[in-house]
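The file input29.csv contains CSV, C-alpha atoms:
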```
chain,number,residue,atom,x,y,z
F,183,MET,CA,0.0,0.0,0.0
F,184,PRO,CA,1.4,3.4,-1.0
F,185,HIS,CA,0.4,4.9,2.4
F,186,ASN,CA,2.6,2.2,4.2
F,187,HIS,CA,5.5,2.9,1.9
F,188,ASP,CA,5.3,6.7,2.5
F,189,MET,CA,5.3,6.2,6.2
F,190,LEU,CA,8.1,3.6,6.1
F,191,PHE,CA,10.4,5.6,3.8
F,192,LYS,CA,9.8,8.9,5.7
F,193,THR,CA,10.5,7.2,9.0
F,194,LEU,CA,13.7,5.7,7.8
F,195,ALA,CA,14.8,8.7,5.9
F,196,ASP,CA,16.0,10.5,9.0
F,197,PRO,CA,19.7,9.4,9.7
F,198,THR,CA,19.4,9.7,13.5
F,199,ARG,CA,16.2,7.7,13.6
F,200,ARG,CA,17.7,5.2,11.2
F,201,ALA,CA,20.7,4.9,13.5
F,202,ILE,CA,18.5,4.2,16.5
F,203,PHE,CA,16.6,1.5,14.5
F,204,GLU,CA,19.9,0.0,13.3
F,205,ARG,CA,21.1,-0.2,16.9
F,206,LEU,CA,18.0,-2.0,18.0
F,207,CYS,CA,18.3,-4.4,15.1
F,208,CYS,CA,22.0,-5.2,15.9
F,209,ASP,CA,22.0,-5.1,19.7
F,210,GLY,CA,18.5,-6.2,20.6
F,211,GLU,CA,16.1,-4.7,23.1
F,212,GLN,CA,17.2,-1.6,24.9
F,213,THR,CA,16.0,1.2,27.2
F,214,VAL,CA,15.7,4.8,26.2
F,215,GLY,CA,18.6,5.6,28.6
F,216,ALA,CA,20.9,3.1,26.9
F,217,LEU,CA,20.0,4.4,23.5
F,218,THR,CA,20.5,8.0,24.6
F,219,ALA,CA,24.0,7.3,25.9
F,220,ARG,CA,25.1,6.3,22.4
F,221,ALA,CA,22.9,8.6,20.2
F,222,GLY,CA,24.6,11.9,20.9
F,223,ILE,CA,21.3,13.7,21.4
F,224,SER,CA,19.0,14.4,24.4
F,225,GLN,CA,16.7,11.8,25.9
F,226,PRO,CA,13.5,13.7,24.9
F,227,ALA,CA,14.8,13.8,21.3
F,228,VAL,CA,15.5,10.0,21.4
F,229,SER,CA,12.0,9.4,22.8
F,230,LYS,CA,10.5,11.5,20.1
F,231,HIS,CA,12.3,9.4,17.4
F,232,LEU,CA,11.2,6.2,19.1
F,233,GLY,CA,7.6,7.5,19.0
F,234,VAL,CA,7.8,8.0,15.3
F,235,LEU,CA,9.4,4.5,14.8
F,236,LYS,CA,6.6,3.0,16.9
F,237,GLN,CA,3.9,4.7,14.8
F,238,ALA,CA,5.4,3.2,11.7
F,239,GLY,CA,5.4,-0.2,13.4
F,240,LEU,CA,9.2,-0.4,13.3
F,241,VAL,CA,9.6,-0.7,17.1
F,242,ARG,CA,7.6,-2.1,20.0
F,243,ASP,CA,7.8,-0.8,23.6
F,244,ARG,CA,7.6,-2.9,26.8
F,245,HIS,CA,7.2,-1.3,30.2
F,246,GLU,CA,9.0,-2.8,33.1
F,247,GLY,CA,8.9,-0.8,36.3
F,248,ARG,CA,9.9,2.7,35.5
F,249,GLN,CA,11.8,1.7,32.4
F,250,THR,CA,10.6,1.4,28.9
F,251,HIS,CA,12.3,-1.2,26.7
F,252,TYR,CA,12.3,-0.9,22.9
F,253,SER,CA,12.8,-3.6,20.4
F,254,ALA,CA,12.9,-3.6,16.6
F,255,GLN,CA,10.1,-5.1,14.6
F,256,LEU,CA,11.7,-6.5,11.5
F,257,GLY,CA,8.4,-7.6,10.0
F,258,ALA,CA,7.5,-4.0,9.4
F,259,LEU,CA,10.2,-3.9,6.8
F,260,ALA,CA,8.3,-6.4,4.6
F,261,PRO,CA,6.7,-3.8,2.3
F,262,LEU,CA,10.2,-2.2,1.8
F,263,ILE,CA,11.7,-5.6,0.9
F,264,ASP,CA,8.8,-6.4,-1.5
F,265,TRP,CA,9.1,-3.0,-3.1
F,266,THR,CA,12.9,-3.5,-3.5
F,267,SER,CA,12.5,-6.9,-5.2
F,268,GLN,CA,9.8,-5.5,-7.6
F,269,MET,CA,12.1,-2.6,-8.5
F,270,ALA,CA,15.2,-4.7,-8.8
F,271,GLY,CA,13.8,-6.2,-12.0
F,272,PHE,CA,13.4,-9.5,-13.8
F,273,TRP,CA,16.3,-11.5,-12.5
F,274,GLN,CA,15.7,-10.7,-8.8
F,275,ARG,CA,12.1,-11.8,-9.2
F,276,LYS,CA,13.3,-15.0,-10.9
F,277,PHE,CA,15.7,-15.7,-8.2
F,278,ASP,CA,12.8,-15.5,-5.7
F,279,ASP,CA,10.8,-17.9,-7.9
F,280,LEU,CA,13.8,-20.3,-8.2
F,281,GLU,CA,14.1,-20.4,-4.4
F,282,ASP,CA,10.4,-21.0,-4.1
F,283,LEU,CA,10.7,-24.0,-6.4
F,284,LEU,CA,13.8,-25.3,-4.6
F,285,LYS,CA,11.8,-25.4,-1.4
F,286,ARG,CA,9.1,-27.5,-3.1
F,287,MET,CA,11.6,-29.9,-4.7
F,288,ASP,CA,12.7,-33.2,-3.1
F,289,GLN,CA,16.4,-33.4,-2.2
K,288,MET,CA,38.2,4.2,-26.9
K,289,THR,CA,36.2,2.9,-29.8
K,290,ASN,CA,36.3,-0.8,-28.8
K,291,VAL,CA,32.7,-1.9,-28.8
K,292,ALA,CA,33.3,-4.6,-26.3
K,293,THR,CA,34.2,-2.1,-23.6
K,294,GLU,CA,30.9,-0.4,-24.0
K,295,THR,CA,28.7,-3.4,-23.0
K,296,ARG,CA,27.4,-3.8,-19.5
K,297,SER,CA,26.4,-6.8,-17.4
K,298,ILE,CA,23.7,-7.6,-14.8
K,299,VAL,CA,24.9,-9.7,-11.9
K,300,VAL,CA,22.6,-11.2,-9.4
K,301,GLU,CA,24.1,-13.3,-6.6
K,302,ARG,CA,22.4,-15.1,-3.7
K,303,ASP,CA,23.4,-17.7,-1.1
K,304,MET,CA,20.9,-20.5,-1.1
K,305,THR,CA,20.5,-23.2,1.5
K,306,HIS,CA,20.2,-26.0,-1.1
K,307,PRO,CA,23.1,-28.1,-2.5
K,308,PRO,CA,24.5,-27.4,-6.0
K,309,GLU,CA,23.2,-30.7,-7.3
K,310,LYS,CA,19.6,-29.7,-6.5
K,311,ILE,CA,19.9,-26.2,-7.9
K,312,TRP,CA,21.5,-27.7,-11.0
K,313,ARG,CA,18.4,-29.7,-11.6
K,314,ALA,CA,16.3,-26.6,-11.4
K,315,LEU,CA,18.5,-24.9,-13.9
K,316,THR,CA,18.7,-27.7,-16.4
K,317,GLN,CA,15.5,-29.8,-16.4
K,318,SER,CA,13.0,-28.2,-18.8
K,319,ALA,CA,9.9,-28.9,-16.7
K,320,LEU,CA,11.6,-27.4,-13.6
K,321,ILE,CA,13.0,-24.4,-15.5
K,322,GLU,CA,9.4,-23.6,-16.6
K,323,GLU,CA,8.3,-23.5,-13.0
K,324,TRP,CA,10.5,-20.6,-12.1
K,325,LEU,CA,11.7,-19.0,-15.3
K,326,MET,CA,9.7,-19.5,-18.5
K,327,LYS,CA,8.3,-22.2,-20.9
K,328,ASN,CA,11.2,-23.6,-22.8
K,329,ASP,CA,12.6,-26.5,-24.8
K,330,PHE,CA,16.0,-26.6,-23.1
K,331,GLN,CA,18.1,-29.7,-23.3
K,332,PRO,CA,21.4,-30.0,-21.4
K,333,ILE,CA,23.5,-30.5,-24.5
K,334,VAL,CA,26.2,-28.1,-25.7
K,335,GLY,CA,25.1,-26.6,-29.0
K,336,HIS,CA,21.4,-27.2,-28.4
K,337,LYS,CA,19.3,-24.3,-29.6
K,338,PHE,CA,16.1,-23.5,-27.7
K,339,ASN,CA,13.6,-20.8,-26.8
K,340,PHE,CA,12.1,-19.3,-23.7
K,341,ARG,CA,8.5,-18.3,-24.3
K,342,ALA,CA,6.6,-15.8,-22.3
K,343,GLN,CA,3.4,-13.8,-22.8
K,344,PRO,CA,4.1,-11.1,-25.5
K,345,VAL,CA,4.0,-7.6,-24.0
K,346,MET,CA,4.2,-4.2,-25.7
K,347,GLY,CA,7.5,-3.9,-27.5
K,348,TRP,CA,8.5,-7.6,-26.9
K,349,ASN,CA,7.3,-10.7,-28.8
K,350,GLY,CA,7.8,-12.8,-25.7
K,351,VAL,CA,10.4,-15.2,-27.4
K,352,THR,CA,14.0,-15.5,-26.5
K,353,ASP,CA,16.4,-17.4,-28.7
K,354,CYS,CA,19.1,-19.4,-26.9
K,355,GLU,CA,21.9,-21.8,-27.5
K,356,VAL,CA,23.7,-23.8,-24.9
K,357,LEU,CA,27.4,-22.7,-24.9
K,358,GLU,CA,28.8,-24.5,-21.9
K,359,LEU,CA,27.8,-27.1,-19.4
K,360,VAL,CA,29.9,-28.2,-16.4
K,361,PRO,CA,27.5,-30.2,-14.2
K,362,HIS,CA,26.7,-28.7,-10.8
K,363,GLN,CA,29.1,-25.8,-11.5
K,364,ARG,CA,28.6,-23.8,-14.6
K,365,LEU,CA,25.9,-23.2,-17.3
K,366,VAL,CA,26.2,-20.8,-20.1
K,367,TYR,CA,23.7,-20.0,-22.8
K,368,THR,CA,23.0,-17.1,-25.2
K,369,TRP,CA,19.9,-14.9,-24.5
K,370,ASN,CA,19.0,-13.2,-27.7
K,371,ALA,CA,15.9,-11.4,-29.1
K,372,SER,CA,13.9,-13.4,-31.6
K,373,GLY,CA,12.1,-13.1,-34.9
K,374,GLU,CA,11.9,-9.7,-36.4
K,375,GLN,CA,13.3,-8.2,-33.1
K,376,ALA,CA,16.5,-10.3,-33.5
K,377,ARG,CA,18.2,-7.8,-35.7
K,378,ASP,CA,18.2,-4.8,-33.3
K,379,GLY,CA,17.3,-6.6,-30.1
K,380,LEU,CA,19.3,-8.1,-27.2
K,381,LYS,CA,22.3,-10.3,-27.9
K,382,THR,CA,23.4,-11.3,-24.5
K,383,ILE,CA,25.0,-14.3,-22.7
K,384,VAL,CA,23.7,-15.7,-19.4
K,385,THR,CA,26.2,-17.4,-17.2
K,386,TRP,CA,25.2,-19.4,-14.1
K,387,THR,CA,27.9,-20.3,-11.6
K,388,LEU,CA,27.2,-22.5,-8.6
K,389,THR,CA,29.8,-22.6,-5.8
K,390,PRO,CA,29.4,-24.7,-2.6
K,391,HIS,CA,29.2,-22.4,0.3
K,392,ASN,CA,28.5,-23.0,4.0
K,393,GLY,CA,26.7,-26.3,3.3
K,394,GLY,CA,24.5,-24.5,0.7
K,395,THR,CA,25.3,-22.8,-2.6
K,396,HIS,CA,26.4,-19.4,-3.8
K,397,VAL,CA,24.4,-18.8,-6.9
K,398,ARG,CA,25.7,-16.2,-9.4
K,399,MET,CA,23.9,-15.2,-12.6
K,400,GLU,CA,25.6,-12.8,-15.0
K,401,GLN,CA,23.9,-11.6,-18.1
K,402,SER,CA,26.5,-9.8,-20.2
K,403,GLY,CA,26.6,-8.0,-23.5
K,404,PHE,CA,24.1,-5.1,-23.0
K,405,ARG,CA,25.1,-2.4,-25.5
K,406,PRO,CA,24.2,1.3,-25.0
K,407,GLN,CA,21.2,0.8,-27.3
K,408,ASP,CA,19.9,-2.0,-25.0
K,409,GLU,CA,19.1,0.5,-22.2
K,410,GLY,CA,15.5,-0.6,-22.0
K,411,GLY,CA,16.3,-4.3,-21.7
K,412,TYR,CA,19.1,-3.6,-19.3
K,413,ARG,CA,16.8,-1.7,-16.9
K,414,GLY,CA,14.0,-4.2,-17.3
K,415,MET,CA,16.2,-7.1,-16.5
K,416,GLY,CA,17.4,-5.4,-13.4
K,417,GLY,CA,20.5,-3.5,-14.4
K,418,GLY,CA,21.6,-0.3,-12.7
K,419,TRP,CA,20.6,-1.4,-9.2
K,420,PRO,CA,23.3,-1.7,-6.6
K,421,ARG,CA,24.1,-5.3,-5.9
K,422,ILE,CA,23.5,-4.6,-2.2
K,423,LEU,CA,19.7,-4.7,-2.8
K,424,GLY,CA,19.8,-8.4,-3.5
K,425,ARG,CA,21.3,-8.9,-0.1
K,426,LEU,CA,18.7,-7.0,1.8
K,427,GLU,CA,16.7,-10.1,2.1
K,428,ASP,CA,19.6,-12.0,3.6
K,429,VAL,CA,20.2,-9.2,6.1
K,430,ALA,CA,16.6,-9.3,7.2
K,431,ALA,CA,16.7,-13.1,7.5
K,432,ARG,CA,19.5,-12.9,10.0
K,433,PHE,CA,17.3,-11.3,12.7
```
Translate this file's structure into structure tokens.
Amino acid sequence: MPHNHDMLFKTLADPTRRAIFERLCCDGEQTVGALTARAGISQPAVSKHLGVLKQAGLVRDRHEGRQTHYSAQLGALAPLIDWTSQMAGFWQRKFDDLEDLLKRMDQ
Amino acid sequence: MTNVATETRSIVVERDMTHPPEKIWRALTQSALIEEWLMKNDFQPIVGHKFNFRAQPVMGWNGVTDCEVLELVPHQRLVYTWNASGEQARDGLKTIVTWTLTPHNGGTHVRMEQSGFRPQDEGGYRGMGGGWPRILGRLEDVAARF
């Protein structure tokens, strides 16, 4: 859906926000405090970015005591991956089809 | 530089697959299996064999690709021509498709190179997937790691 694409692309277009998302992808679940320590911006700014990421479905929050833990939601990237493979042309699609066939074939 | 050969471009698509080379080789060289993922065809695994791929005609393309098997090294390397057909043969694509299978981490590294796109083949080059950074093909692998 175009609306999903717009939101996803806009959300990931900001380098700081993308860096926060990448950190969650690579290092797993983290608190706002831990993210702030490495982001080089204020905690409210980090929280604001996390809010935007959450709205786009790219992160999920989990409350534990006074701390909020954030984790990346890789499934939200699916429309981006689909779009990429469509745009990448004939052979990329055929590679996908070949892999689908290989899964169905006997050893 | 006026050497025509230096003016051609290639499309390279590479992917690590979890299947053994022998199995992927079957998918690349058995006509019925090729049809399932690529196109209708009368391929035979014989060097010098001439065959076609047939797809639905679309605007500007008659849907037929003329091919000839140039090289066969079982489970490793398959090369065939990939040329425009019929009245489109004269000005259309004249390319070579090379498949290379390399055992890798218990699976196979699959590499496809389609070479020989001339400057006038811009449309075909883009349509087949040229011009996109190779990194895009790896996005899926990256996502799969998490």
Would you list the contacts of Arg341 of chain K as a ChimeraX atom specification, taking every protein, DNA or RNA residue within 7 Å and counting only C-alpha atoms, but skipping same-chain residues closer than 5 positions in sequence?
/K:326-328,350-352
Shell of 7 Å around segment 378-382 of chain K, only C-alpha atoms, local chain residues under 2 positions omitted, as a PyMOL selection string:
chain K and resi 368-371+375-376+384+401-404+408
Go ahead and write the selection's residues with C-alpha atoms as a PDB file, in the frame of the given file.
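What landed in part.pdb:
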```
ATOM      1  CA  THR K 368      23.000 -17.100 -25.200  1.00  0.00           C
ATOM      2  CA  TRP K 369      19.900 -14.900 -24.500  1.00  0.00           C
ATOM      3  CA  ASN K 370      19.000 -13.200 -27.700  1.00  0.00           C
ATOM      4  CA  ALA K 371      15.900 -11.400 -29.100  1.00  0.00           C
ATOM      5  CA  GLN K 375      13.300  -8.200 -33.100  1.00  0.00           C
ATOM      6  CA  ALA K 376      16.500 -10.300 -33.500  1.00  0.00           C
ATOM      7  CA  VAL K 384      23.700 -15.700 -19.400  1.00  0.00           C
ATOM      8  CA  GLN K 401      23.900 -11.600 -18.100  1.00  0.00           C
ATOM      9  CA  SER K 402      26.500  -9.800 -20.200  1.00  0.00           C
ATOM     10  CA  GLY K 403      26.600  -8.000 -23.500  1.00  0.00           C
ATOM     11  CA  PHE K 404      24.100  -5.100 -23.000  1.00  0.00           C
ATOM     12  CA  ASP K 408      19.900  -2.000 -25.000  1.00  0.00           C
TER      13      ASP K 408
END
```
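The nearest approach to chain F among the residues K:Ile333, K:Val397, K:Asn339, K:Gln407, with all atoms listed in the file taken into account, belongs to K:Val397.
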For the interface of chain F with chain K (cut-off 6 Å, counting all atoms listed in the file), please tabulate each contacting residue of chain F alongside its nearest pair of atoms and their separation in Å to one decimal, rows sorted by chain and increasing number, as a Markdown table.
```
| residue | atom | partner | partner_atom | distance |
| --- | --- | --- | --- | --- |
| F:Ala270 | CA | K:Gly416 | CA | 5.1 |
| F:Gly271 | CA | K:Gly416 | CA | 3.9 |
| F:Phe272 | CA | K:Met415 | CA | 4.6 |
| F:Trp273 | CA | K:Met415 | CA | 5.9 |
| F:Asp279 | CA | K:Trp324 | CA | 5.0 |
| F:Leu280 | CA | K:Trp324 | CA | 5.1 |
```
Counting all atoms listed in the file, which of F:Lys276, F:Thr198, F:Arg244, F:Ile263 gets nearest to Ser224 of chain F?
F:Thr198
